[in-house]
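As provided, final-v1.cif (mmCIF, C-alpha atoms) reads as follows.
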data_structure
#
loop_
_atom_site.label_atom_id
_atom_site.label_comp_id
_atom_site.auth_asym_id
_atom_site.auth_seq_id
_atom_site.Cartn_x
_atom_site.Cartn_y
_atom_site.Cartn_z
CA MET A 1 35.40 21.83 -68.41
CA VAL A 2 35.34 25.48 -67.32
CA SER A 3 34.17 26.06 -63.75
CA LYS A 4 31.58 28.70 -62.82
CA THR A 5 34.27 30.81 -61.17
CA GLU A 6 36.51 30.68 -64.24
CA GLN A 7 33.57 31.45 -66.54
CA SER A 8 32.63 34.43 -64.38
CA GLN A 9 36.21 35.71 -64.49
CA LEU A 10 36.34 35.26 -68.26
CA ASP A 11 33.03 37.10 -68.79
CA ARG A 12 34.16 39.95 -66.53
CA LEU A 13 37.43 40.39 -68.40
CA GLU A 14 35.68 40.13 -71.76
CA ASN A 15 33.27 42.92 -70.86
CA GLN A 16 36.10 45.00 -69.47
CA VAL A 17 38.13 44.67 -72.66
CA ASP A 18 35.13 45.28 -74.93
CA ASN A 19 34.38 48.50 -73.04
CA GLY A 20 37.96 49.73 -73.35
CA GLY A 21 38.79 49.21 -69.70
CA GLY A 22 42.09 47.42 -70.32
CA GLY A 23 43.04 43.91 -69.28
CA ASP A 24 43.71 42.67 -72.83
CA TRP A 25 46.82 40.72 -71.91
CA GLU A 26 45.17 39.13 -68.88
CA TYR A 27 42.18 38.17 -71.04
CA LEU A 28 44.37 36.52 -73.67
CA CYS A 29 46.28 34.55 -71.04
CA LEU A 30 43.04 33.34 -69.46
CA VAL A 31 41.64 32.23 -72.84
CA ARG A 32 44.82 30.18 -73.40
CA LYS A 33 44.72 28.73 -69.91
CA LEU A 34 41.07 27.67 -70.09
CA LYS A 35 41.36 26.50 -73.73
CA VAL A 36 38.07 28.16 -74.62
CA ARG A 37 37.02 29.17 -78.11
CA ARG A 38 36.84 32.95 -78.47
CA SER A 39 38.50 33.23 -81.87
CA ASP A 40 36.88 36.47 -83.07
CA LYS A 41 37.67 38.35 -79.87
CA VAL A 42 41.09 36.70 -79.50
CA LEU A 43 42.01 37.70 -83.05
CA ASN A 44 41.13 41.35 -82.43
CA HIS A 45 42.93 41.59 -79.11
CA GLU A 46 45.93 39.53 -80.16
CA VAL A 47 46.54 41.65 -83.26
CA ALA A 48 46.72 44.59 -80.89
CA GLY A 49 48.94 42.54 -78.56
CA LEU A 50 51.30 41.63 -81.38
CA ALA A 51 51.63 45.29 -82.27
CA TRP A 52 52.76 45.99 -78.70
CA VAL A 53 55.32 43.23 -78.91
CA LEU A 54 56.65 44.33 -82.26
CA ILE A 55 57.37 47.87 -81.04
CA GLY A 56 59.01 46.48 -77.92
CA LEU A 57 56.28 47.53 -75.49
CA ILE A 58 54.44 44.98 -73.37
CA ILE A 59 52.26 45.05 -70.28
CA GLU A 60 53.25 42.58 -67.58
CA ASP A 61 52.09 42.66 -63.96
CA ARG A 62 50.64 46.14 -64.53
CA ARG A 63 54.05 47.59 -65.41
CA ILE A 64 54.96 49.05 -68.79
CA VAL A 65 58.35 47.80 -69.88
CA LEU A 66 60.05 49.78 -72.64
CA SER A 67 62.79 47.90 -74.46
CA ILE A 68 64.97 50.97 -74.80
CA LEU A 69 64.98 51.65 -71.07
CA MET A 70 64.95 48.05 -69.77
CA PRO A 71 66.29 45.79 -72.55
CA ASP A 72 67.17 42.79 -70.36
CA LEU A 73 63.78 42.47 -68.68
CA ASN A 74 61.94 43.06 -71.95
CA SER A 75 63.91 40.28 -73.66
CA LEU A 76 63.03 37.88 -70.87
CA VAL A 77 59.32 38.71 -71.16
CA LEU A 78 59.37 38.39 -74.94
CA ALA A 79 61.16 35.05 -74.77
CA ASN A 80 58.40 33.65 -72.57
CA ARG A 81 55.40 35.28 -74.21
CA GLN A 82 55.97 36.45 -77.76
CA TRP A 83 55.98 33.12 -79.57
CA THR A 84 52.94 31.80 -77.75
CA LEU A 85 51.18 34.98 -78.79
CA TYR A 86 52.02 34.36 -82.45
CA GLU A 87 50.71 30.80 -82.19
CA GLN A 88 47.50 31.97 -80.52
CA VAL A 89 46.74 34.60 -83.14
CA ALA A 90 47.55 32.16 -85.97
CA ILE A 91 45.00 29.63 -84.69
CA ALA A 92 42.38 32.33 -84.07
CA ALA A 93 42.97 33.76 -87.55
CA MET A 94 42.50 30.35 -89.18
CA ASP A 95 39.32 29.83 -87.19
CA CYS A 96 38.02 33.18 -88.50
CA GLN A 97 39.24 32.45 -92.04
CA SER A 98 41.76 35.31 -91.88
CA ILE A 99 44.24 33.28 -93.90
CA ASP A 100 46.68 36.12 -94.59
CA ALA A 101 47.00 36.99 -90.89
CA ALA A 102 47.60 33.31 -90.08
CA LYS A 103 50.26 33.06 -92.81
CA ASP A 104 52.11 36.08 -91.45
CA CYS A 105 52.24 34.65 -87.93
CA ILE A 106 53.31 31.18 -89.08
CA LYS A 107 56.09 32.66 -91.24
CA VAL A 108 57.55 34.39 -88.18
CA LEU A 109 57.42 31.12 -86.23
CA GLN A 110 58.94 29.15 -89.14
CA LYS A 111 61.86 31.55 -89.22
CA LYS A 112 62.45 31.24 -85.49
CA PHE A 113 61.72 27.50 -85.09
CA SER A 114 62.46 25.96 -88.48
CA GLU A 115 62.55 22.35 -87.24
CA SER A 116 59.69 22.57 -84.75
CA LYS A 117 56.94 19.93 -84.95
CA ARG A 118 54.63 22.37 -83.19
CA VAL A 119 55.06 24.81 -86.05
CA GLY A 120 54.60 21.88 -88.42
CA ARG A 121 51.15 21.34 -86.91
CA LEU A 122 50.30 24.96 -87.58
CA GLU A 123 51.39 24.55 -91.21
CA ALA A 124 49.10 21.52 -91.57
CA MET A 125 46.25 23.41 -89.92
CA LEU A 126 46.76 26.24 -92.41
CA LEU A 127 46.34 23.73 -95.26
CA GLU A 128 43.12 22.63 -93.57
CA ALA A 129 41.87 26.21 -93.33
CA LYS A 130 42.56 26.67 -97.05
CA GLY A 131 40.63 23.50 -97.88
CA SER A 132 43.68 21.59 -99.11
CA TRP A 133 42.52 18.36 -97.48
CA ALA A 134 44.88 15.93 -99.25
CA GLU A 135 47.94 18.04 -98.49
CA ALA A 136 46.85 18.49 -94.88
CA GLU A 137 46.36 14.72 -94.49
CA LYS A 138 49.83 14.13 -95.93
CA ALA A 139 51.33 16.64 -93.50
CA TYR A 140 49.56 15.06 -90.52
CA SER A 141 50.67 11.56 -91.58
CA SER A 142 54.27 12.79 -91.73
CA LEU A 143 54.00 14.31 -88.26
CA LEU A 144 52.57 11.06 -86.85
CA GLU A 145 55.44 9.07 -88.34
CA ASP A 146 57.81 11.18 -86.26
CA ASN A 147 55.59 11.08 -83.17
CA PRO A 148 52.77 8.49 -83.17
CA LEU A 149 51.57 9.76 -79.74
CA ASP A 150 50.86 13.33 -80.82
CA GLN A 151 47.33 13.82 -79.49
CA VAL A 152 46.78 17.14 -81.25
CA VAL A 153 47.50 15.64 -84.67
CA HIS A 154 45.19 12.68 -84.03
CA LYS A 155 42.40 15.08 -83.05
CA ARG A 156 43.02 17.27 -86.08
CA ARG A 157 42.42 14.27 -88.33
CA VAL A 158 39.06 13.70 -86.64
CA ALA A 159 38.18 17.38 -87.03
CA MET A 160 39.23 17.34 -90.68
CA ALA A 161 37.04 14.32 -91.43
CA LYS A 162 34.04 16.04 -89.79
CA ALA A 163 34.72 19.26 -91.71
CA GLN A 164 34.50 17.31 -94.96
CA GLY A 165 31.26 15.64 -93.90
CA ASN A 166 33.03 12.29 -93.67
CA ILE A 167 31.35 11.07 -90.46
CA SER A 168 32.36 7.44 -90.95
CA GLY A 169 35.96 8.61 -91.28
CA ALA A 170 35.64 10.65 -88.08
CA ILE A 171 34.34 7.58 -86.25
CA GLU A 172 37.24 5.51 -87.57
CA TRP A 173 39.85 8.08 -86.48
CA LEU A 174 38.21 8.52 -83.07
CA ASN A 175 38.21 4.77 -82.45
CA LYS A 176 41.89 4.56 -83.43
CA TYR A 177 42.63 7.51 -81.16
CA LEU A 178 40.82 5.88 -78.23
CA GLU A 179 42.78 2.68 -78.70
CA ILE A 180 45.83 4.72 -77.72
CA PHE A 181 44.35 7.34 -75.38
CA MET A 182 41.62 5.42 -73.60
CA ALA A 183 41.37 7.91 -70.72
CA ASP A 184 40.37 10.88 -72.90
CA ASN A 185 36.83 11.58 -71.70
CA ASP A 186 36.24 14.35 -74.24
CA ALA A 187 36.95 11.91 -77.07
CA TRP A 188 34.52 9.33 -75.65
CA ARG A 189 31.85 12.01 -75.38
CA GLU A 190 32.51 13.21 -78.93
CA LEU A 191 32.20 9.66 -80.23
CA ALA A 192 29.00 9.09 -78.24
CA GLU A 193 27.39 12.23 -79.68
CA ILE A 194 28.32 11.19 -83.22
CA TYR A 195 26.75 7.77 -82.66
CA VAL A 196 23.58 9.38 -81.28
CA SER A 197 23.36 11.65 -84.35
CA LEU A 198 23.51 8.51 -86.52
CA GLN A 199 20.96 6.68 -84.32
CA MET A 200 23.60 4.08 -83.41
CA TYR A 201 22.34 3.93 -79.84
CA LYS A 202 24.02 0.69 -78.71
CA GLN A 203 27.42 2.07 -79.66
CA ALA A 204 26.60 5.37 -77.95
CA ALA A 205 25.56 3.49 -74.80
CA PHE A 206 28.97 1.79 -74.70
CA CYS A 207 30.71 5.19 -74.88
CA TYR A 208 28.62 6.58 -72.01
CA GLU A 209 29.35 3.47 -69.94
CA GLU A 210 33.06 4.20 -70.36
CA LEU A 211 32.49 7.80 -69.28
CA ILE A 212 30.51 6.78 -66.19
CA LEU A 213 33.20 4.30 -65.20
CA SER A 214 35.81 7.02 -65.55
CA GLN A 215 33.85 9.86 -63.91
CA PRO A 216 30.96 8.37 -61.91
CA THR A 217 30.01 11.66 -60.23
CA VAL A 218 29.33 13.66 -63.42
CA PRO A 219 25.51 13.88 -63.73
CA LEU A 220 25.65 14.80 -67.42
CA TYR A 221 26.94 11.32 -68.32
CA HIS A 222 24.26 9.57 -66.24
CA LEU A 223 21.57 11.67 -67.91
CA ALA A 224 22.86 11.07 -71.44
CA TYR A 225 23.17 7.33 -70.79
CA ALA A 226 19.60 7.23 -69.44
CA ASP A 227 18.35 9.05 -72.56
CA VAL A 228 20.06 6.50 -74.80
CA LEU A 229 18.65 3.54 -72.85
CA TYR A 230 15.15 5.05 -72.93
CA THR A 231 15.46 5.51 -76.69
CA LEU A 232 16.57 1.90 -77.15
CA GLY A 233 13.40 0.77 -75.37
CA GLY A 234 12.50 -2.65 -74.03
CA LEU A 235 11.66 -3.47 -70.43
CA GLU A 236 15.23 -4.08 -69.27
CA ASN A 237 16.58 -0.90 -70.88
CA LEU A 238 13.71 1.18 -69.50
CA GLN A 239 14.27 -0.11 -65.98
CA MET A 240 17.98 0.66 -66.30
CA ALA A 241 17.22 4.11 -67.74
CA LYS A 242 15.01 4.86 -64.76
CA LYS A 243 17.87 4.00 -62.40
CA TYR A 244 20.23 6.37 -64.20
CA TYR A 245 17.64 9.16 -64.24
CA ALA A 246 17.37 8.59 -60.50
CA SER A 247 21.15 8.76 -60.07
CA THR A 248 21.16 12.03 -62.06
CA ILE A 249 18.58 13.46 -59.66
CA ASP A 250 20.66 12.29 -56.72
CA LEU A 251 23.86 13.85 -58.10
CA THR A 252 22.15 17.18 -58.81
CA GLY A 253 20.32 17.43 -55.51
CA GLY A 254 16.93 16.85 -57.12
CA LYS A 255 17.25 19.86 -59.43
CA ASN A 256 17.38 18.24 -62.86
CA THR A 257 14.01 18.73 -64.56
CA ARG A 258 14.93 16.55 -67.54
CA ALA A 259 15.75 13.62 -65.25
CA LEU A 260 12.48 14.10 -63.34
CA PHE A 261 10.56 13.93 -66.61
CA GLY A 262 12.66 10.89 -67.53
CA ILE A 263 11.44 9.10 -64.42
CA CYS A 264 7.82 9.80 -65.41
CA LEU A 265 8.34 8.69 -69.01
CA CYS A 266 10.07 5.47 -67.94
CA THR A 267 7.32 4.73 -65.41
CA SER A 268 4.66 5.15 -68.08
CA ALA A 269 6.49 2.99 -70.63
CA ILE A 270 7.28 0.27 -68.08
CA GLY A 271 3.64 0.23 -67.01
CA HIS A 272 2.54 -0.51 -70.58
CA LEU A 273 5.17 -3.20 -71.15
CA ALA A 274 4.70 -4.92 -67.76
CA LYS A 275 0.96 -5.50 -68.13
CA GLY A 276 0.11 -9.12 -67.41
CA ARG A 277 3.62 -9.92 -66.18
CA ASN A 278 4.84 -11.09 -62.81
CA LYS A 279 4.56 -8.68 -59.92
CA GLU A 280 8.36 -8.61 -59.58
CA GLU A 281 8.65 -7.12 -63.08
CA LYS A 282 6.23 -4.30 -62.35
CA ASP A 283 7.47 -0.91 -61.25
CA SER A 284 7.27 0.57 -57.78
CA PRO A 285 5.14 3.77 -57.70
CA GLU A 286 7.20 5.48 -54.98
CA LEU A 287 9.89 7.02 -57.20
CA GLN A 288 7.27 8.12 -59.71
CA SER A 289 5.28 9.87 -56.99
CA LEU A 290 8.38 11.68 -55.72
CA ALA A 291 9.28 12.79 -59.26
CA VAL A 292 5.77 14.14 -59.90
CA THR A 293 5.79 16.04 -56.59
CA ALA A 294 9.23 17.52 -57.36
CA LEU A 295 8.14 18.57 -60.85
CA GLU A 296 4.99 20.26 -59.58
CA LYS A 297 6.96 22.11 -56.91
CA ASP A 298 9.56 23.19 -59.47
CA TYR A 299 6.94 24.49 -61.88
CA LYS A 300 5.07 26.34 -59.13
CA GLN A 301 8.27 28.15 -58.17
CA ARG A 302 9.76 28.87 -61.59
CA ALA A 303 6.93 28.74 -64.16
CA PRO A 304 3.51 28.78 -62.46
CA GLU A 305 1.81 29.84 -65.70
CA LYS A 306 2.87 26.50 -67.26
CA LEU A 307 1.71 24.29 -64.41
CA SER A 308 -1.48 23.38 -66.29
CA LEU A 309 0.64 22.15 -69.22
CA LEU A 310 2.61 19.93 -66.84
CA THR A 311 -0.62 18.50 -65.38
CA THR A 312 -1.92 17.74 -68.87
CA ALA A 313 1.35 16.07 -69.86
CA LEU A 314 1.36 13.89 -66.75
CA LYS A 315 -2.26 12.91 -67.30
CA SER A 316 -1.45 11.84 -70.86
CA MET A 317 1.16 9.50 -69.37
CA LYS A 318 -1.48 8.27 -66.92
CA ILE A 319 0.77 8.86 -63.94
CA SER A 320 -0.57 12.04 -62.35
#

Starting from the file, give its structure as structure tokens.
Amino acid sequence: MVSKTEQSQLDRLENQVDNGGGGDWEYLCLVRKLKVRRSDKVLNHEVAGLAWVLIGLIIEDRRIVLSILMPDLNSLVLANRQWTLYEQVAIAAMDCQSIDAAKDCIKVLQKKFSESKRVGRLEAMLLEAKGSWAEAEKAYSSLLEDNPLDQVVHKRRVAMAKAQGNISGAIEWLNKYLEIFMADNDAWRELAEIYVSLQMYKQAAFCYEELILSQPTVPLYHLAYADVLYTLGGLENLQMAKKYYASTIDLTGGKNTRALFGICLCTSAIGHLAKGRNKEEKDSPELQSLAVTALEKDYKQRAPEKLSLLTTALKSMKIS
């Protein structure tokens, strides 16, 4: 996950490059480091970057190194940077469906690293980009035979299944992947979101439980889990959902509007379900009152013209 500072730096460099203010190389390095998806911009800037490399001119630490004048230093820079640059532009080109540009880059890498499994992954990805699904699957299977723990290849199979609209296949590959790499939070979240899209809420709840166990201080997971529990319904699930909406509010310093609304919705639903039950099963009004007060304060500060809509919504839930 990209931090606010990193995002700010990325946006600044992106604007600088777009306006012709330089910093192309720094921008490309940051995109690689943060693993963000900027394929259209990366493709444009990397094609320019490759041109610099091919004529033996590269910018490094704000110095221009000319191969004719400083051959040793230029070779060292190229050894460290050139091949990563080819890989980066190949992936960006495939993402933008610039198949010819991707082919050209992969050919250079094949010539330099003929036995490389990393290049083999690029070859399989190129088959994917061309829509040759069966050939790509065969290539990925071959790569996994050589290295069953190749995370990138496992993830590519999931992506390929989704690209073909084979959601059940994507679920199957993700579950197999998570049997091996159980600590991959991004994979758990991906699986949870797929389950939610298929209305398989119990399975999604399990995924979010795994995420909360792994990263208990991430409010996003608490909020998503609360949403799933609320959707499942039933008194026990609603009471649990209310607790996780409350934990979301706690983790965000009381600034999550969705969680505040969640408290109100849970309170209303619990009130309907708990009618005629024991007093112990009924809900305490304190948290509800705090949520309503926080919502009203938030709307007064940020959207005073919509305060009347909030009041109407709360009245319809019979909790205002």

Neighbours of point (17.4, 17.1, -69.7) within 10 Å, using all atoms listed in the file, written as number ranges by chain
A: 220, 223-224, 227, 245, 248, 256-262

List the neighbours of Tyr27 of chain A out to 10 Å using all atoms listed in the file; skip same-chain residues closer than 5 positions along the sequence, and give me the result as a list in words.
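The neighbour list is Gln9, Leu10, Asp11, Arg12, Leu13, Glu14, Gln16, Val17, Gly22, Arg32, Lys33, Lys41, Val42, His45 and Glu46 of chain A.
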
Return the single residue from A:Gly131, A:Phe181, A:Asp18, A:Lys243 that is closest to Ala161 of chain A, with distances computed using all atoms listed in the file.
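Under the stated criterion, the closest residue is A:Gly131.
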
For Ala129 of chain A, which of A:Arg157, A:Glu115, A:Leu198, A:Asp95 is the closest residue, counting only C-alpha atoms?
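Selected residue with least distance to Ala129 of chain A: A:Asp95.
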
Work out how far atom CA of Leu191 of chain A is from atom CA of Asn175 of chain A, in Å to one decimal.
8.1 Å

The PyMOL selection byres ((chain A and resi 293) around 12) - which residues does that actually catch in the file I just gave you? List them as number ranges by chain.
A: 254, 257, 260-261, 263-264, 286-292, 294-300, 310-311, 314, 319-320

Between atom CA of His222 of chain A and atom CA of Tyr244 of chain A, distance in Å (one decimal):
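Here the two named atoms are 5.5 Å from each other.
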